[in-house]
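Peer 1: If it helps, the file is called final.cif and holds mmCIF, C-alpha atoms:
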```
data_structure
loop_
_atom_site.label_atom_id
_atom_site.label_comp_id
_atom_site.auth_asym_id
_atom_site.auth_seq_id
_atom_site.Cartn_x
_atom_site.Cartn_y
_atom_site.Cartn_z
CA MET A 26 0.00 0.00 0.00
CA LYS A 27 1.33 3.42 -0.98
CA GLU A 28 2.32 5.66 1.92
CA GLY A 29 0.64 9.06 1.83
CA PRO A 30 2.41 12.38 2.37
CA THR A 31 0.75 12.81 5.74
CA LEU A 32 3.37 10.39 7.09
CA ASN A 33 6.17 12.71 6.03
CA LEU A 34 6.40 14.94 9.09
CA GLN A 35 8.66 17.93 9.47
CA PRO A 36 12.02 16.34 10.43
CA MET A 37 12.49 18.71 13.38
CA LEU A 38 9.56 17.06 15.15
CA ARG A 39 11.66 13.93 15.50
CA GLU A 40 14.18 15.96 17.48
CA ILE A 41 11.81 17.08 20.23
CA LYS A 42 10.33 15.12 23.11
CA GLY A 43 7.03 15.43 24.91
CA GLU A 44 6.69 15.69 28.67
CA THR A 45 7.60 12.14 29.65
CA ALA A 46 6.43 12.75 33.22
CA PHE A 47 2.85 12.48 31.92
CA THR A 48 3.52 8.86 30.91
CA PHE A 49 4.01 7.91 34.54
CA LEU A 50 1.08 10.02 35.70
CA ALA A 51 -1.12 8.16 33.22
CA LEU A 52 0.09 4.82 34.61
CA ALA A 53 -0.78 5.94 38.12
CA ARG A 54 -4.26 7.02 37.02
CA ARG A 55 -4.81 3.69 35.29
CA LEU A 56 -3.84 1.74 38.40
CA SER A 57 -6.04 3.98 40.51
CA GLY A 58 -8.92 3.33 38.09
CA GLU A 59 -8.38 -0.39 38.60
CA GLY A 60 -8.98 0.05 42.32
CA ARG A 61 -5.38 0.36 43.53
CA ARG A 62 -4.60 2.92 46.20
CA ILE A 63 -1.89 5.14 44.75
CA ILE A 64 -0.03 7.86 46.63
CA SER A 65 1.22 10.26 43.97
CA PHE A 66 4.28 12.43 44.43
CA GLY A 67 4.24 13.07 40.70
CA ILE A 68 1.96 15.98 39.99
CA GLY A 69 3.39 19.46 39.45
CA GLN A 70 0.44 21.50 40.60
CA PRO A 71 -0.81 22.68 43.99
CA ASP A 72 -3.49 20.52 45.57
CA TYR A 73 -5.38 23.66 46.66
CA ILE A 74 -8.41 24.96 44.80
CA THR A 75 -8.21 28.42 43.20
CA PRO A 76 -9.09 31.03 45.88
CA SER A 77 -12.81 31.81 46.10
CA HIS A 78 -12.55 35.51 45.26
CA VAL A 79 -10.71 34.63 42.04
CA ARG A 80 -13.39 32.13 41.06
CA GLU A 81 -16.11 34.63 41.88
CA GLU A 82 -14.59 37.22 39.54
CA ALA A 83 -14.53 34.65 36.75
CA LYS A 84 -18.22 33.94 37.37
CA ARG A 85 -18.98 37.65 37.17
CA ALA A 86 -17.11 37.91 33.89
CA LEU A 87 -19.11 34.98 32.55
CA ASP A 88 -22.42 36.43 33.72
CA GLU A 89 -21.52 39.76 32.14
CA GLY A 90 -20.88 38.04 28.83
CA PHE A 91 -17.17 38.79 28.83
CA THR A 92 -16.53 35.76 26.66
CA GLY A 93 -15.07 37.05 23.40
CA TYR A 94 -11.60 37.61 22.02
CA THR A 95 -9.42 40.16 23.78
CA GLU A 96 -6.28 41.96 22.69
CA THR A 97 -3.47 39.47 22.07
CA ALA A 98 -1.30 41.31 24.58
CA GLY A 99 -4.01 40.92 27.21
CA ILE A 100 -6.67 43.27 28.47
CA PRO A 101 -5.16 46.60 29.63
CA GLU A 102 -6.40 46.13 33.20
CA LEU A 103 -4.50 42.84 33.57
CA ARG A 104 -1.31 44.17 32.00
CA GLU A 105 -1.50 47.10 34.41
CA ALA A 106 -2.07 44.73 37.36
CA ILE A 107 0.94 42.61 36.36
CA ALA A 108 3.17 45.68 36.04
CA TRP A 109 1.87 46.93 39.39
CA TYR A 110 2.66 43.56 41.03
CA LEU A 111 6.20 43.49 39.65
CA ARG A 112 6.83 47.08 40.71
CA THR A 113 5.44 46.37 44.18
CA ARG A 114 7.19 43.04 44.65
CA TYR A 115 10.57 43.81 43.10
CA GLY A 116 10.76 47.56 42.65
CA ALA A 117 11.03 46.84 38.94
CA ASP A 118 10.17 49.70 36.60
CA VAL A 119 7.99 47.52 34.36
CA ASP A 120 5.52 49.32 32.14
CA PRO A 121 2.21 47.64 31.12
CA GLU A 122 3.28 48.02 27.48
CA GLU A 123 6.21 45.67 28.22
CA VAL A 124 3.89 42.83 29.29
CA ILE A 125 2.35 40.13 27.10
CA VAL A 126 -0.33 37.90 28.64
CA THR A 127 -0.06 34.31 27.41
CA THR A 128 -1.93 31.02 27.62
CA GLY A 129 0.12 29.81 30.55
CA ALA A 130 3.82 30.23 31.25
CA LYS A 131 4.59 27.44 28.77
CA THR A 132 3.39 29.65 25.91
CA ALA A 133 5.49 32.48 27.30
CA ILE A 134 8.49 30.12 27.16
CA PHE A 135 7.68 29.35 23.53
CA VAL A 136 7.33 33.00 22.53
CA ALA A 137 10.48 34.06 24.40
CA ILE A 138 12.75 31.41 22.91
CA ALA A 139 11.20 31.47 19.43
CA SER A 140 11.71 35.21 19.25
CA TYR A 141 15.50 34.90 19.49
CA ILE A 142 16.82 31.44 18.63
CA ARG A 143 18.03 31.00 15.06
CA PRO A 144 19.33 27.88 13.27
CA GLY A 145 22.82 27.17 14.52
CA ASP A 146 22.44 29.09 17.79
CA GLU A 147 23.24 27.50 21.12
CA ALA A 148 21.25 27.99 24.31
CA ILE A 149 22.75 27.07 27.67
CA VAL A 150 20.20 25.15 29.71
CA VAL A 151 20.84 24.54 33.40
CA ASP A 152 20.51 20.80 34.06
CA PRO A 153 18.21 19.52 35.51
CA SER A 154 15.41 21.77 34.33
CA TYR A 155 11.90 21.89 32.97
CA TYR A 156 11.87 19.88 29.74
CA ALA A 157 10.21 22.50 27.51
CA TYR A 158 13.15 24.90 27.35
CA ALA A 159 15.38 22.59 25.35
CA GLN A 160 12.55 21.36 23.14
CA VAL A 161 11.66 24.86 21.92
CA VAL A 162 15.33 25.59 21.28
CA LYS A 163 15.56 22.47 19.10
CA LEU A 164 12.30 23.25 17.31
CA PHE A 165 13.82 26.46 15.95
CA GLY A 166 17.07 24.88 14.87
CA GLY A 167 19.11 25.68 17.93
CA THR A 168 21.17 23.38 20.09
CA PRO A 169 20.64 23.11 23.85
CA VAL A 170 23.92 22.96 25.75
CA TYR A 171 23.28 21.34 29.11
CA VAL A 172 25.33 22.50 32.09
CA PRO A 173 24.74 20.37 35.20
CA MET A 174 24.15 21.90 38.59
CA VAL A 175 26.33 20.75 41.48
CA PHE A 176 24.68 18.44 44.02
CA GLU A 177 25.88 18.94 47.57
CA PRO A 178 24.66 16.26 50.02
CA GLY A 179 22.54 17.81 52.76
CA TYR A 180 22.24 21.10 50.86
CA GLY A 181 20.84 20.33 47.43
CA PHE A 182 21.73 21.96 44.13
CA LYS A 183 23.75 25.02 43.16
CA LEU A 184 24.65 26.61 39.85
CA ASP A 185 28.08 25.70 38.51
CA LEU A 186 29.03 29.19 37.37
CA GLU A 187 32.48 28.15 36.16
CA ALA A 188 30.95 25.42 34.01
CA ILE A 189 28.51 27.96 32.57
CA ARG A 190 31.41 30.26 31.70
CA ARG A 191 33.21 27.40 29.96
CA ALA A 192 30.07 26.47 28.04
CA VAL A 193 29.76 29.89 26.39
CA SER A 194 30.89 29.80 22.76
CA ASP A 195 30.65 32.10 19.77
CA LYS A 196 27.37 30.33 18.97
CA THR A 197 25.76 30.96 22.35
CA ARG A 198 22.64 33.10 22.07
CA MET A 199 20.98 32.72 25.47
CA ILE A 200 21.05 31.18 28.92
CA ILE A 201 17.79 29.76 30.31
CA VAL A 202 17.13 29.40 34.03
CA ASN A 203 14.16 28.44 36.19
CA ASN A 204 14.33 30.16 39.59
CA PRO A 205 13.15 28.64 41.93
CA ASN A 206 13.96 25.47 40.06
CA ASN A 207 11.79 22.58 38.92
CA PRO A 208 12.72 19.77 39.66
CA THR A 209 15.31 20.51 42.36
CA GLY A 210 13.60 23.10 44.56
CA SER A 211 16.83 25.12 44.54
CA VAL A 212 17.01 28.92 44.51
CA ILE A 213 19.67 30.99 42.80
CA GLY A 214 21.02 33.28 45.51
CA PRO A 215 21.36 37.03 44.91
CA SER A 216 25.16 36.90 44.56
CA GLU A 217 24.96 33.88 42.25
CA LEU A 218 22.44 35.71 40.10
CA GLU A 219 24.75 38.73 39.89
CA GLU A 220 27.61 36.48 38.77
CA LEU A 221 25.40 34.78 36.21
CA TYR A 222 24.28 38.16 34.91
CA ASP A 223 27.89 39.24 34.61
CA ILE A 224 28.47 36.26 32.30
CA VAL A 225 25.42 37.27 30.28
CA VAL A 226 26.47 40.91 29.94
CA ARG A 227 30.14 40.20 29.20
CA ASN A 228 29.17 37.85 26.39
CA ASN A 229 26.26 39.95 25.10
CA LEU A 230 23.73 37.17 25.69
CA ILE A 231 20.03 36.96 26.52
CA LEU A 232 18.92 35.64 29.90
CA VAL A 233 15.52 33.95 29.83
CA SER A 234 14.35 33.58 33.42
CA ASP A 235 11.26 31.56 34.32
CA GLU A 236 10.23 32.63 37.83
CA ILE A 237 6.86 30.84 37.99
CA TYR A 238 7.61 29.56 41.54
CA ASP A 239 8.74 32.92 42.95
CA ASN A 240 6.24 32.87 45.82
CA PHE A 241 7.24 29.41 47.03
CA LEU A 242 10.25 30.23 49.20
CA TYR A 243 11.23 28.47 52.43
CA GLY A 244 13.48 28.90 55.43
CA GLY A 245 13.98 32.62 54.94
CA VAL A 246 15.91 32.08 51.71
CA LYS A 247 16.74 35.34 49.92
CA PHE A 248 15.36 35.66 46.41
CA LYS A 249 16.31 38.19 43.76
CA SER A 250 14.43 38.56 40.49
CA VAL A 251 16.17 39.27 37.20
CA LEU A 252 13.93 42.34 37.00
CA GLU A 253 16.00 43.82 39.82
CA LEU A 254 19.19 43.62 37.76
CA GLU A 255 20.78 46.74 36.31
CA ASP A 256 19.75 47.51 32.72
CA TRP A 257 17.66 44.32 32.62
CA ARG A 258 15.97 45.42 29.40
CA ASP A 259 19.20 44.96 27.44
CA HIS A 260 19.55 41.28 28.31
CA VAL A 261 16.47 39.82 30.04
CA VAL A 262 13.21 38.18 29.02
CA TYR A 263 11.14 37.43 32.13
CA ILE A 264 8.48 34.71 32.44
CA ASN A 265 5.88 34.14 35.14
CA GLY A 266 2.24 33.13 35.52
CA PHE A 267 -0.72 32.37 37.73
CA SER A 268 -0.75 28.56 37.69
CA LYS A 269 1.34 27.89 40.78
CA THR A 270 0.93 30.94 43.03
CA PHE A 271 -2.86 31.00 42.75
CA SER A 272 -3.39 27.31 41.96
CA MET A 273 -4.77 28.21 38.53
CA THR A 274 -3.14 25.51 36.39
CA GLY A 275 -6.27 24.87 34.33
CA TRP A 276 -6.97 28.55 33.70
CA ARG A 277 -4.02 28.84 31.28
CA LEU A 278 -2.75 32.26 32.23
CA GLY A 279 0.87 33.36 32.12
CA TYR A 280 2.91 36.34 30.99
CA LEU A 281 6.27 37.51 29.77
CA VAL A 282 8.07 40.82 30.14
CA ALA A 283 10.48 42.21 27.56
CA ARG A 284 11.71 45.57 26.36
CA ARG A 285 9.11 47.74 24.67
CA GLU A 286 10.78 47.74 21.25
CA VAL A 287 10.41 43.97 20.68
CA ILE A 288 6.85 43.61 21.99
CA PRO A 289 5.15 44.28 18.59
CA SER A 290 7.11 41.50 16.87
CA MET A 291 6.49 39.12 19.77
CA LEU A 292 2.79 39.92 19.50
CA ASP A 293 2.84 39.04 15.79
CA LEU A 294 4.15 35.63 16.79
CA ALA A 295 1.73 35.31 19.71
CA VAL A 296 -1.40 36.10 17.69
CA THR A 297 -0.35 33.51 15.12
CA VAL A 298 -0.06 30.85 17.82
CA TYR A 299 -2.95 31.47 20.22
CA SER A 300 -4.88 34.68 19.38
CA CYS A 301 -5.31 35.64 23.05
CA ALA A 302 -5.49 34.25 26.56
CA PRO A 303 -8.96 33.21 27.80
CA SER A 304 -11.02 36.31 28.53
CA ILE A 305 -12.58 34.99 31.73
CA ALA A 306 -9.20 33.86 33.07
CA GLN A 307 -7.79 37.34 32.48
CA ARG A 308 -10.49 38.91 34.64
CA ALA A 309 -9.76 36.31 37.30
CA GLY A 310 -6.06 37.16 37.08
CA ILE A 311 -6.74 40.77 38.03
CA ALA A 312 -8.64 39.61 41.12
CA ALA A 313 -5.80 37.26 42.01
CA LEU A 314 -3.14 39.97 41.90
CA LYS A 315 -5.18 42.78 43.39
CA GLY A 316 -7.22 40.77 45.87
CA ASP A 317 -6.64 38.88 49.13
CA TRP A 318 -3.26 37.12 49.24
CA SER A 319 -3.92 35.31 52.54
CA PRO A 320 -4.83 32.02 50.74
CA VAL A 321 -1.45 32.13 48.98
CA ARG A 322 0.42 32.77 52.23
CA GLU A 323 -1.44 29.94 53.96
CA MET A 324 -0.68 27.53 51.10
CA VAL A 325 3.03 28.42 51.03
CA ALA A 326 3.29 28.00 54.82
CA GLU A 327 1.68 24.57 54.53
CA PHE A 328 4.04 23.60 51.71
CA GLU A 329 7.01 24.55 53.87
CA ARG A 330 5.71 22.29 56.64
CA ARG A 331 5.31 19.48 54.13
CA ALA A 332 8.82 20.01 52.79
CA ARG A 333 10.24 19.74 56.30
CA VAL A 334 8.33 16.52 57.06
CA LEU A 335 9.35 14.99 53.73
CA TYR A 336 12.99 15.89 54.36
CA ASN A 337 12.99 14.52 57.91
CA MET A 338 11.37 11.24 56.92
CA LEU A 339 13.43 10.56 53.79
CA SER A 340 16.60 11.40 55.73
CA GLU A 341 16.02 8.22 57.72
CA SER A 342 16.97 6.18 54.64
CA GLU A 343 20.58 5.23 54.03
CA TYR A 344 19.73 5.01 50.34
CA ILE A 345 18.22 8.49 49.81
CA GLU A 346 20.29 11.68 49.90
CA ALA A 347 17.56 14.09 50.90
CA TYR A 348 17.79 17.84 51.51
CA MET A 349 15.47 20.65 52.49
CA PRO A 350 14.14 22.40 49.33
CA GLN A 351 14.58 26.17 49.26
CA GLY A 352 11.67 26.84 46.92
CA ALA A 353 9.04 25.48 44.50
CA PHE A 354 7.43 22.25 45.75
CA TYR A 355 9.86 19.56 44.70
CA MET A 356 12.78 17.58 46.02
CA PHE A 357 15.24 15.86 43.66
CA PRO A 358 17.09 13.50 46.00
CA ARG A 359 19.96 11.33 44.84
CA VAL A 360 19.33 7.59 45.00
CA SER A 361 22.54 6.34 43.40
CA LYS A 362 23.52 4.25 46.45
CA PHE A 363 20.35 2.22 46.08
CA LEU A 364 20.75 1.89 42.32
CA ARG A 365 24.33 0.66 42.62
CA LYS A 366 23.37 -1.80 45.38
CA THR A 367 20.50 -3.32 43.39
CA GLY A 368 21.65 -2.86 39.80
CA MET A 369 18.37 -1.14 39.00
CA SER A 370 17.94 1.90 36.78
CA VAL A 371 16.04 4.91 38.05
CA GLU A 372 13.13 3.91 35.79
CA ASP A 373 13.21 0.42 37.34
CA LEU A 374 12.97 2.05 40.75
CA VAL A 375 9.96 4.14 39.70
CA TYR A 376 8.12 1.09 38.36
CA TYR A 377 9.03 -0.90 41.47
CA LEU A 378 7.59 1.73 43.82
CA LEU A 379 4.49 2.22 41.69
CA TYR A 380 3.51 -1.36 40.88
CA GLU A 381 4.65 -3.11 44.05
CA HIS A 382 4.10 -0.40 46.66
CA GLY A 383 1.53 2.01 45.21
CA VAL A 384 3.71 5.14 45.38
CA LEU A 385 4.53 7.31 42.37
CA VAL A 386 7.73 9.30 42.09
CA LEU A 387 9.15 10.48 38.78
CA PRO A 388 12.49 9.44 37.29
CA GLY A 389 15.10 12.15 37.18
CA THR A 390 15.64 11.40 33.50
CA ALA A 391 12.30 13.13 32.77
CA PHE A 392 13.98 16.42 33.73
CA SER A 393 17.67 15.95 33.08
CA GLU A 394 19.89 14.98 30.17
CA LEU A 395 23.04 14.51 32.23
CA ILE A 396 22.49 13.71 35.91
CA GLY A 397 18.88 12.53 36.11
CA GLY A 398 19.76 8.85 36.14
CA ASP A 399 20.81 9.18 39.79
CA HIS A 400 17.76 11.10 41.02
CA VAL A 401 13.99 11.01 41.43
CA ARG A 402 11.63 13.96 41.62
CA ILE A 403 9.23 14.06 44.53
CA SER A 404 6.48 16.66 44.56
CA PHE A 405 5.10 17.57 47.97
CA ALA A 406 2.00 19.20 46.49
CA THR A 407 -0.14 16.60 48.21
CA LYS A 408 -1.80 16.25 51.60
CA MET A 409 0.35 15.84 54.70
CA GLU A 410 -1.05 12.39 55.43
CA ASN A 411 0.05 11.26 51.96
CA ILE A 412 3.53 12.63 52.58
CA VAL A 413 3.83 10.80 55.89
CA GLU A 414 2.49 7.49 54.59
CA GLY A 415 4.23 7.68 51.23
CA SER A 416 7.61 8.57 52.75
CA LYS A 417 7.41 5.58 55.09
CA VAL A 418 6.60 3.31 52.16
CA ILE A 419 9.54 4.61 50.12
CA VAL A 420 12.04 4.24 52.96
CA ASN A 421 10.88 0.72 53.81
CA ALA A 422 10.61 -0.38 50.17
CA LEU A 423 14.19 0.62 49.40
CA ARG A 424 15.51 -1.14 52.50
CA SER A 425 13.54 -4.26 51.66
CA ARG A 426 14.79 -4.40 48.09
CA ALA A 427 18.42 -3.54 48.88
CA GLY A 428 18.54 -6.20 51.60
#
```
Could you show the structure in this file as structure tokens?
Peer 2:
Amino acid sequence: MKEGPTLNLQPMLREIKGETAFTFLALARRLSGEGRRIISFGIGQPDYITPSHVREEAKRALDEGFTGYTETAGIPELREAIAWYLRTRYGADVDPEEVIVTTGAKTAIFVAIASYIRPGDEAIVVDPSYYAYAQVVKLFGGTPVYVPMVFEPGYGFKLDLEAIRRAVSDKTRMIIVNNPNNPTGSVIGPSELEELYDIVVRNNLILVSDEIYDNFLYGGVKFKSVLELEDWRDHVVYINGFSKTFSMTGWRLGYLVARREVIPSMLDLAVTVYSCAPSIAQRAGIAALKGDWSPVREMVAEFERRARVLYNMLSESEYIEAYMPQGAFYMFPRVSKFLRKTGMSVEDLVYYLLYEHGVLVLPGTAFSELIGGDHVRISFATKMENIVEGSKVIVNALRSRAG
């Protein structure tokens, strides 16, 4: 039978990968549907419902018939609210005209990288990191250059600034960071950020900074945004959104900030991809930023308690190198001692915990090209009782298997 041209896909699609974490989440859902009790440490979204005042504003927008297309850049009131938030939070002199509202932070990532990466360019990607950064780079003919973070037992992960310096070549176009970091829960300290920015400026690069977890900070850790850097407009594209802070993952609402001069071209790209963000979600976003933040503060305080319990319990295992996350809601502990003792791969470990013990963690390879084979990602965006029970299961399961 003759093969039709619909089989002849654009070759670049063979170079990119989907979000492999969803494969394991689907397995967990299937087992749960079969009647198995599954404790999931896999999901990357808060287990809190969107605050009531945010939902109420969306209902008002719906009742008022605010259901049509909006400006691609976002309704003026939301752009103004975002600029106000960034000025209030970081003292950043962001103008509403420098803001583009997107369909989630993932679309902001797409627009930011697509606007600058050309065939043959290189983009330095801190490893481990969110998978989408490298995939968009590859989609536009660029090459991701992975630079691993340094793992320090008991502390967690830090940037390897010297390795980043060495990775810069005459082909380097940008450096991409996620701060706080998914999957490690690490935070780039203010002095580290200044050093990183010095590398960017000296080499005339672009720094794409995804700060979607900027409200999830623990233990008094100091956080500095790239929008606080000197002359940020010359080198920075900033990404954030509503999904994590306000537990609005399904609302698909994010944003990017860039210098005024490039916004029109970015909007030409944005309107081609998604027209505009959902109208109702945009109204809800204004209420989120301008309204009561006490639900956010309560959620973050609870997440810090969960992080501490998870750390204390996993630290009881001789096979898990746990640490207290500084931000986000993930831990990326090293499990290489267990893997060497048993001869298992990290994927084998994930299947073992899921199928034999009913606990889902994600393999580090879903987030890392270089070091993920020695780590698992554990999300503590789940109820405290699940963290307590699931941690006990993990510790006992590894001891039982390792003998």
Peer 1: Can you turn the PyMOL selection byres ((chain A and resi 222) around 12) into a concrete residue list for this file, as JSON, numbers by chain?
Peer 2: {"A": [186, 189, 190, 199, 200, 201, 202, 213, 215, 216, 217, 218, 219, 220, 221, 223, 224, 225, 226, 227, 228, 229, 230, 231, 232, 233, 234, 249, 250, 251, 252, 253, 254, 255, 256, 257, 259, 260, 261]}
Peer 1: CA of Ile68 (chain A) to CA of Tyr380 (chain A): how many Å, to one decimal?
Peer 2: 17.4 Å
Peer 1: Check what the PyMOL selection byres ((chain A and resi 276-290) around 8) selects in the file above and give those residues as a PyMOL selection string.
Peer 2: chain A and resi 119+122-133+137+258-259+261-268+273-275+291-294+302-303+306-307+310
Peer 1: Quote the spacing between CA of Ala295 (chain A) and CA of Ile138 (chain A) in Å to one decimal place.
Peer 2: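 Rounded to one decimal, the two atoms are 12.1 Å apart.
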Peer 1: Written as a list in words, what is the full residue list that the PyMOL selection byres ((chain A and resi 92) around 12) yields on the file shown?
Peer 2: Ala83, Lys84, Arg85, Ala86, Leu87, Asp88, Glu89, Gly90, Phe91, Gly93, Tyr94, Thr95, Cys301, Ala302, Pro303, Ser304, Ile305, Ala306, Gln307 and Arg308 of chain A
Peer 1: For region 106-114 of chain A, work out the shell of residues within 8 Å, counting all atoms listed in the file and skipping chain neighbours fewer than 6 positions away, then give it as a list of chain:residue names.
Peer 2: A:Asp120, A:Pro121, A:Val124, A:Ile311, A:Leu314, A:Lys315
Peer 1: Suppose you want the space between CA of Leu423 (chain A) and CA of Gly60 (chain A); what is it in Å?
Peer 2: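 Result for CA of Leu423 (chain A) versus CA of Gly60 (chain A): 24.2 Å, one decimal.
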Peer 1: With all atoms listed in the file as the basis for distance, which of A:Asp399, A:Glu81, A:Glu410, A:Glu394 is at the shortest distance from Glu346 (chain A)?
Peer 2: A:Asp399
Peer 1: Find the residue from A:Ser272, A:Asn203, A:Thr31, A:Thr367 that sits nearest to Ala406 (chain A); use all atoms listed in the file when measuring.
Peer 2: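 So, comparing all the options, the nearest one is A:Ser272.
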Peer 1: Quick one: residues within 10 Å of Asn240 (chain A), only C-alpha atoms counted, chain neighbours fewer than 6 positions away excluded, as a ChimeraX atom specification?
Peer 2: /A:205,248,269-271,321-322,325,352-353
Peer 1: Looking at only C-alpha atoms, which of A:Ser194, A:Ser416, A:Thr390, A:Ser65 is the one that sits closest to Asp373 (chain A)?
Peer 2: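 Using only C-alpha atoms, the shortest distance to Asp373 (chain A) belongs to A:Thr390.
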Peer 1: Pick out the closest residue to Gly244 (chain A) from this set: A:Ile142, A:Asp317, A:Arg333, A:Asn206. Count all atoms listed in the file.
Peer 2: A:Arg333
Peer 1: Nearest to Glu341 (chain A) among A:Ile419, A:Leu52, A:Ile134, A:Val172, with distances taken over all atoms listed in the file: which residue is it?
Peer 2: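 The answer is A:Ile419, which sits nearest to Glu341 (chain A).
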